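Novice: Mind looking over this structure? Questions follow.
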Amino acid sequence: MGTVRELVRASARVLCVAIPAGFLAIFFLYPVGSILVRGIGVGGLERLVGLPGRGSFRGVVWFTLWQAVVSTALAVLVAWPGAHLLARRRFRGRAVLRAAATVPFVLPTVVVGGAFLALFERFGLSDGSLRLTRTVGAILAAHVFFNVAIVLRTVGTFWEGLDTRPEEQARVLGATPWQAFRWVTLPRLWPAVAAAASIVFLFCFTSFGVILILGGPTRATLETEIWRHAVFRGDLASATALAVVQLVAVLAMVVVANAMQRRRAVGQVPVRRVLPRASSRLLVGNLGLMAVVLGMPIAVLVERSLTTGRGPDAAWSVRNYAALADRVDLLPISALAALRNSLLFAVVAAGLAVLVGGLASLVVVHGRRTTSRLFDLGLMMPLGASAVTVGFGMLIALDGPPLDLRSSRWLVPVAHALIGVPFVMRTVVPTLRSIDHRLREAAAVLGASPARVRRDVDLPIAARALAVGGAFSFAVSLGEFGATSFLPRHPDRLTAPLVLFRLLGSPGEALRGQAMALSVVLMVLTAASVLVIEGWGRRGSVRGDL
Amino acid sequence: MTLRVDGLSVAFDGVSVLDGVDLEVAEGEVLVLLGPSGCGKSTLLRAIAGLERPSAGRILWGDRDLTDVATHERGFGLMFQDHALFPHRDVAGNVEFGLRVAGMPADQRTHRVARALQMVGLEGFGGRRVDTLSGGEAQRVALARSVAAGPRLLMLDEPFGSLDRVLRERLTEDLGVLLRRLGQAVVHVTHDHDEAFALADRIAVLGDGRILRNGGPADVWADPGTVHAAECLGHENLVVLDGSGCCPLGRLGDGPGTVLVRGDRLTVDLVPVAGGPVAEVLGTTIRGGRTVVALDLGGLRLRAWSDGSPSIGDRVGVSVADGGVVPLSR
């Protein structure tokens, strides 16, 4: 009897480790490994060494770098006043603003691309001397839109927890408000700023959909070049070489970002204080800035989706939405059918991510030291590696023996789940860690077996975190474009973002209108899934500690 | 020069925290603000420093009205409870901060920092990181930082709040010596009456946002004025009298009310006098070398200083010596 139970327990423990490890190995490590093996293997290395000699390659690397640097700087600048407002002032609607500012981050890149196209068209910036479409300006604007939320969350949250007394002390000692900020606030805030900036930089460096849609053919980054070579030209060798460069660059950045993250954790003494009320000038200025940067593209997108006809014929109507059910010539399926695919994939992806991420979190929190470290690092990797790397790796690794999954319809949700797992772990691990171990001991003393303790103590407490992580995975999957655009496609299993991308690239008023309507639907679905879950219980958030 | 606070009121969201406070502190004088936590002591200091905006009243230094002057232009020093040392600067970097913002050249700063550290007994601590300091050291660094810039008024907000009792008592003595030497105007905030009596030239008792009593330590102690002030000052025998001014100790007043029966004027007779009040001994302790006896007298709890040491359960006589009864107002 006892041995049977022990056997069950041991196999449960093995499964806890084996499922996440296997998932990661097959769908991430093996594909990424394939990129590396092909890239530095026979024939590959020569190509790799030859890369820097090519002017086009240097141009792509240079553009990838500088657009990321400028995007990051702009995002930090634009988010700064808002972070200060959220951290140091009290006003009605603070919680709403905080939640609303998160929305852009979860929006699908394709939707944001669409929103900015609509914005430029609306204000006559899509052609003529003030043209923004297909310029760097468009890319930078969209990157700021996306990443303001990260800075706002990371810096704002940290700032809020920062003791105010050192600043007051500085003021009493004769420092002007600026001196107090410069010498006392900023140095303590710096780790959070650096952490936020490094993450934003990583996202901008690996940005894909935005650049493809807004940059046009002349603006290429490493990501879009990998895609162009692999999918457009079928030149897998060049794509592999570029992917190796990308992998190494990203790895270096993740290491730096991690080091900064670690430094951030030091010196936090949470202090609750009655914050001063925000002056109306500060409030209006801030809300105005956010309305322009974050609200405007969304507002214009919604407006455009509800308009048919152009110029004098323009009229309010829901025809664009009705048209989503019709199949257009250029696409194999209707937008509505694609949405159905996306929803199904998203449910599967979220379920997988919760299962794998939940088990991995258990191992990280309760596993042996080295296993725990490996899991923490390993399963976070897909978040750092770009979606394009994930997609491209799967493309070249899983399309022939020993693993031929090319025909599997589940490859897309699996890729999405891989990207979702880090989100689940980011919410679940801290929650599991925060459970007082005496609770478990108390349950054990009362007669609960280890499995029982997991079920009756850990699971109920971690349930909300699992749900939040699952919702994020769901939203990420709904909008995922980078990885999906590489995966083998059956025409009838296109996802909504892929359909949207095609629609955005096609001429014609009717198609553009449909694209906008589809953007709005995707936006509402992703934003709602995250906001509903975040509103429920409101404790901790995914972005806060990213 | 004198600090004058005139009818100062502070409210948070319409809830009054300070309500018409008047104060004066002259140069070379140590004023101790005594009151329980939440009575508005810290708010008063913060308002004087310019960190809270008063809803009414004025703050003056000499003839100059500072009410609308920015914090950094007031030239006051405020030492926070828990010190608020800058975690990203070492000890010297903390101490020199005020001099730095005042634009003092580096070589002069070094000299002044060394002197300030020497003054608080921390020579050579300049290069230490602040998170390696013990509680007492951190407290002294904060003090050095506050005095290094030579503020014309020094304010200390529960500077010993987080320290253990023994350290507290020693540092209180050191601080007293230091404050005399500096000769500045000082406002010291505490909830601890022992600390107040050890440091004060004058004590102001604060309760519910008002000054309840303001005077020399001996006067304030002997005649607290109100029940609340008596409690803040550590008096224990607050006796409620009935309609005819009577209590188990006898007739102590002319009518209903509360009186303070000073423990040092309450005599304990190990052999009760016939016909006099008899109390039961609930417990004894030694305070400052003298025995303090806790008594139960017909339901009235009293503490009395005693020369002998009775045992728990003994029945003893109690009587009040001359001047032992101080009438209090509500």
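A note on labels: chains of the structure tokens are A, B, ... as shown, every chain counts residues from 1, and ligands are counted from 1 in their shown order.
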Counting only C-alpha atoms, collect the residues of chain B whose closest atom lies at most 8 Å from chain A, and write them out as a PyMOL selection string.

Specialist: chain B and resi 49+51+71-80+84-88+97-98+101-102+146+149

Novice: Extract, using only C-alpha atoms, all DNA, RNA and protein residues at most 7 Å from stretch 277-292 of chain B, discarding same-chain residues fewer than 6 positions from it, and format them as a list in words.

Specialist: Leu249, Arg303, Ala304, Trp305, Ser306, Asp307, Ser309, Ser311, Ile312, Gly313, Asp314, Arg315, Val316, Gly317 and Val318 of chain B

Novice: Can you tell me, as a list of chain:residue names, what residues are no more than 7 Å from stretch 217-230 of chain B when counting only C-alpha atoms, ignoring any on the same chain fewer than 4 positions away?

Specialist: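 In the requested format, the answer is B:Phe197, B:Ala200, B:Asp201, B:Arg202, B:Ile203, B:Val205, B:Leu212, B:Arg213, B:Gly234, B:His235, B:Val326, B:Leu328, B:Ser329, B:Arg330.
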
Novice: Using only C-alpha atoms, pick whichever of A:Ala349, A:Ala73, A:Met425, A:Ala467 has the shortest atom-to-atom distance to A:Ser361.

Specialist: A:Met425

Novice: Looking at only C-alpha atoms, which of B:Asp82, B:Gly276, B:Leu270, B:Val325 is the one that sits closest to B:Thr258?

Specialist: B:Val325

Novice: If you run DSSP on this backbone, which residues of stretch 10-246 of chain B come out as strand (DSSP E), and could you give them as a ChimeraX atom specification?

Specialist: /B:10-12,15-26,30-34,56-61,64-65,76-79,153-157,185-190,202-207,210-215,238-241,246

Novice: What gap, in Å, lies between atom CA of A:Val318 and atom CA of A:Ala517?

Specialist: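 Distance reported for this atom pair: 8.7 Å.
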
Novice: How would you write, as a ChimeraX atom specification, the set of residues in stretch 24-260 of chain B that DSSP gives as helix (DSSP H, G or I)?

Specialist: /B:41-49,71-73,91-95,97-101,106-119,130-132,135-148,165-182,193-199,217-222,227-232

Novice: Output the selection as a PDB file, in the first residue's frame - C-alpha atoms for each residue.

Specialist:
ATOM      1  CA  LYS B  41       3.365  66.609  16.878  1.00  0.00           C
ATOM      2  CA  SER B  42       5.033  65.507  13.663  1.00  0.00           C
ATOM      3  CA  THR B  43       2.599  67.537  11.597  1.00  0.00           C
ATOM      4  CA  LEU B  44       3.516  70.618  13.606  1.00  0.00           C
ATOM      5  CA  LEU B  45       7.222  70.072  12.868  1.00  0.00           C
ATOM      6  CA  ARG B  46       6.499  69.418   9.207  1.00  0.00           C
ATOM      7  CA  ALA B  47       4.461  72.605   9.014  1.00  0.00           C
ATOM      8  CA  ILE B  48       7.262  74.617  10.624  1.00  0.00           C
ATOM      9  CA  ALA B  49       9.692  73.062   8.114  1.00  0.00           C
ATOM     10  CA  THR B  71      11.105  74.575   2.581  1.00  0.00           C
ATOM     11  CA  HIS B  72      14.645  74.864   1.252  1.00  0.00           C
ATOM     12  CA  GLU B  73      14.781  78.595   1.885  1.00  0.00           C
ATOM     13  CA  VAL B  91      27.975  58.668   5.678  1.00  0.00           C
ATOM     14  CA  ALA B  92      30.019  61.664   4.526  1.00  0.00           C
ATOM     15  CA  GLY B  93      27.766  62.077   1.487  1.00  0.00           C
ATOM     16  CA  ASN B  94      24.800  62.277   3.819  1.00  0.00           C
ATOM     17  CA  VAL B  95      26.367  64.709   6.249  1.00  0.00           C
ATOM     18  CA  PHE B  97      24.365  67.220   1.679  1.00  0.00           C
ATOM     19  CA  GLY B  98      23.157  70.499   3.153  1.00  0.00           C
ATOM     20  CA  LEU B  99      26.536  72.134   2.600  1.00  0.00           C
ATOM     21  CA  ARG B 100      26.624  70.893  -0.962  1.00  0.00           C
ATOM     22  CA  VAL B 101      23.275  72.358  -1.907  1.00  0.00           C
ATOM     23  CA  ALA B 106      34.540  70.576  -1.575  1.00  0.00           C
ATOM     24  CA  ASP B 107      37.599  71.187   0.639  1.00  0.00           C
ATOM     25  CA  GLN B 108      35.618  73.231   3.140  1.00  0.00           C
ATOM     26  CA  ARG B 109      32.895  70.618   3.100  1.00  0.00           C
ATOM     27  CA  THR B 110      35.323  67.879   4.036  1.00  0.00           C
ATOM     28  CA  HIS B 111      36.435  69.869   7.019  1.00  0.00           C
ATOM     29  CA  ARG B 112      32.916  70.631   8.191  1.00  0.00           C
ATOM     30  CA  VAL B 113      31.825  67.027   7.739  1.00  0.00           C
ATOM     31  CA  ALA B 114      34.746  65.789   9.808  1.00  0.00           C
ATOM     32  CA  ARG B 115      33.856  68.240  12.552  1.00  0.00           C
ATOM     33  CA  ALA B 116      30.195  67.284  12.543  1.00  0.00           C
ATOM     34  CA  LEU B 117      31.052  63.583  12.730  1.00  0.00           C
ATOM     35  CA  GLN B 118      33.486  64.224  15.545  1.00  0.00           C
ATOM     36  CA  MET B 119      30.805  66.117  17.406  1.00  0.00           C
ATOM     37  CA  VAL B 130      24.654  53.831   5.632  1.00  0.00           C
ATOM     38  CA  ASP B 131      23.147  50.340   5.565  1.00  0.00           C
ATOM     39  CA  THR B 132      26.073  49.036   7.633  1.00  0.00           C
ATOM     40  CA  GLY B 135      20.561  52.015  14.931  1.00  0.00           C
ATOM     41  CA  GLY B 136      22.462  54.306  17.284  1.00  0.00           C
ATOM     42  CA  GLU B 137      25.070  55.160  14.659  1.00  0.00           C
ATOM     43  CA  ALA B 138      22.411  55.928  12.049  1.00  0.00           C
ATOM     44  CA  GLN B 139      20.702  58.176  14.552  1.00  0.00           C
ATOM     45  CA  ARG B 140      23.929  60.077  15.178  1.00  0.00           C
ATOM     46  CA  VAL B 141      24.690  60.387  11.459  1.00  0.00           C
ATOM     47  CA  ALA B 142      21.230  61.863  10.968  1.00  0.00           C
ATOM     48  CA  LEU B 143      21.944  64.299  13.789  1.00  0.00           C
ATOM     49  CA  ALA B 144      25.308  65.248  12.287  1.00  0.00           C
ATOM     50  CA  ARG B 145      23.609  65.803   8.930  1.00  0.00           C
ATOM     51  CA  SER B 146      21.006  68.040  10.513  1.00  0.00           C
ATOM     52  CA  VAL B 147      23.497  70.203  12.402  1.00  0.00           C
ATOM     53  CA  ALA B 148      26.340  70.284   9.831  1.00  0.00           C
ATOM     54  CA  ARG B 165      15.716  51.582  26.024  1.00  0.00           C
ATOM     55  CA  VAL B 166      19.316  51.444  27.230  1.00  0.00           C
ATOM     56  CA  LEU B 167      20.686  53.078  24.085  1.00  0.00           C
ATOM     57  CA  ARG B 168      17.905  55.599  24.226  1.00  0.00           C
ATOM     58  CA  GLU B 169      18.802  56.739  27.704  1.00  0.00           C
ATOM     59  CA  ARG B 170      22.480  57.095  26.884  1.00  0.00           C
ATOM     60  CA  LEU B 171      21.843  58.967  23.661  1.00  0.00           C
ATOM     61  CA  THR B 172      19.376  61.248  25.401  1.00  0.00           C
ATOM     62  CA  GLU B 173      22.145  62.371  27.747  1.00  0.00           C
ATOM     63  CA  ASP B 174      24.593  62.842  24.870  1.00  0.00           C
ATOM     64  CA  LEU B 175      22.003  64.813  22.941  1.00  0.00           C
ATOM     65  CA  GLY B 176      21.347  67.070  25.938  1.00  0.00           C
ATOM     66  CA  VAL B 177      25.031  67.953  26.190  1.00  0.00           C
ATOM     67  CA  LEU B 178      25.277  68.508  22.443  1.00  0.00           C
ATOM     68  CA  LEU B 179      22.220  70.739  22.267  1.00  0.00           C
ATOM     69  CA  ARG B 180      23.546  72.983  25.074  1.00  0.00           C
ATOM     70  CA  ARG B 181      26.835  73.272  23.210  1.00  0.00           C
ATOM     71  CA  LEU B 182      25.132  74.219  19.923  1.00  0.00           C
ATOM     72  CA  HIS B 193       7.955  61.924  29.314  1.00  0.00           C
ATOM     73  CA  ASP B 194      11.290  60.756  30.731  1.00  0.00           C
ATOM     74  CA  GLU B 195      13.024  61.929  27.572  1.00  0.00           C
ATOM     75  CA  ALA B 196      11.115  65.203  27.736  1.00  0.00           C
ATOM     76  CA  PHE B 197      12.180  65.942  31.290  1.00  0.00           C
ATOM     77  CA  ALA B 198      15.788  65.029  30.515  1.00  0.00           C
ATOM     78  CA  LEU B 199      16.099  67.517  27.665  1.00  0.00           C
ATOM     79  CA  PRO B 217       9.463  71.079  33.270  1.00  0.00           C
ATOM     80  CA  ALA B 218       9.046  71.338  37.051  1.00  0.00           C
ATOM     81  CA  ASP B 219       5.972  73.549  36.799  1.00  0.00           C
ATOM     82  CA  VAL B 220       4.376  71.432  34.144  1.00  0.00           C
ATOM     83  CA  TRP B 221       4.996  68.265  36.079  1.00  0.00           C
ATOM     84  CA  ALA B 222       3.683  69.675  39.350  1.00  0.00           C
ATOM     85  CA  VAL B 227      -6.290  65.256  32.679  1.00  0.00           C
ATOM     86  CA  HIS B 228      -4.878  64.663  29.220  1.00  0.00           C
ATOM     87  CA  ALA B 229      -1.666  66.553  29.953  1.00  0.00           C
ATOM     88  CA  ALA B 230      -1.264  64.672  33.238  1.00  0.00           C
ATOM     89  CA  GLU B 231      -1.506  61.373  31.362  1.00  0.00           C
ATOM     90  CA  CYS B 232       1.084  62.507  28.796  1.00  0.00           C
TER      91      CYS B 232
END

Novice: Set the distance at 10 Å and use only C-alpha atoms: which residues neighbour stretch 78-95 of chain A once local chain neighbours fewer than 4 positions away are removed? I'd like the list as a PyMOL selection string.

Specialist: chain A and resi 72-74+99-101+144-145+147-162+164+193+273-280+282-283+285-287+289-290+293+535+538

Novice: Restricting the calculation to only C-alpha atoms, which member of A:Thr427, A:Ser34, A:Ser334, A:Thr389 is positioned closest to A:Thr484?

Specialist: A:Thr389

Novice: How many Å lie between atom CA of A:Val356 and atom CA of A:Phe23, rounded to one decimal?

Specialist: 7.7 Å

Novice: Looking at A:Thr526, A:Ser408, A:Asn258, A:Ser126, which one is nearest to A:Met381, with distances taken over only C-alpha atoms?

Specialist: A:Asn258

Novice: Rank nothing, just name the residue among B:Gly215, B:Gly124, B:Gly275, B:Gly62 nearest to B:Leu153, using only C-alpha atoms.

Specialist: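 Smallest separation from B:Leu153 among the options: B:Gly62.
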
Novice: If you count only C-alpha atoms, which residues fall within 12 Å of A:Leu45, apart from same-chain ones fewer than 3 positions away, as a list of chain:residue names?

Specialist: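 Surrounding residues, per the criterion: A:Ile35, A:Leu36, A:Val37, A:Arg38, A:Gly39, A:Ile40, A:Gly41, A:Val42, A:Leu48, A:Val49, A:Gly50, A:Leu51, A:Ala237, A:Ser238, A:Thr240, A:Ala241, A:Leu242, A:Val244, A:Val245.
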
Novice: Could you give me, as an NGL selection string, the residues within 12 Å of stretch 438-450 of chain A, counting only C-alpha atoms and dropping anything in the same chain fewer than 4 positions from it?

Specialist: :A and (5-6 or 9-10 or 12-13 or 366 or 432-434 or 454-459 or 461)

Novice: Could you check the closest approach to A:Leu336 for each of A:Pro31, A:Gly469, A:Pro402, A:Pro497 and tell me which residue wins, using only C-alpha atoms?

Specialist: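 The answer is A:Pro497, which sits nearest to A:Leu336.
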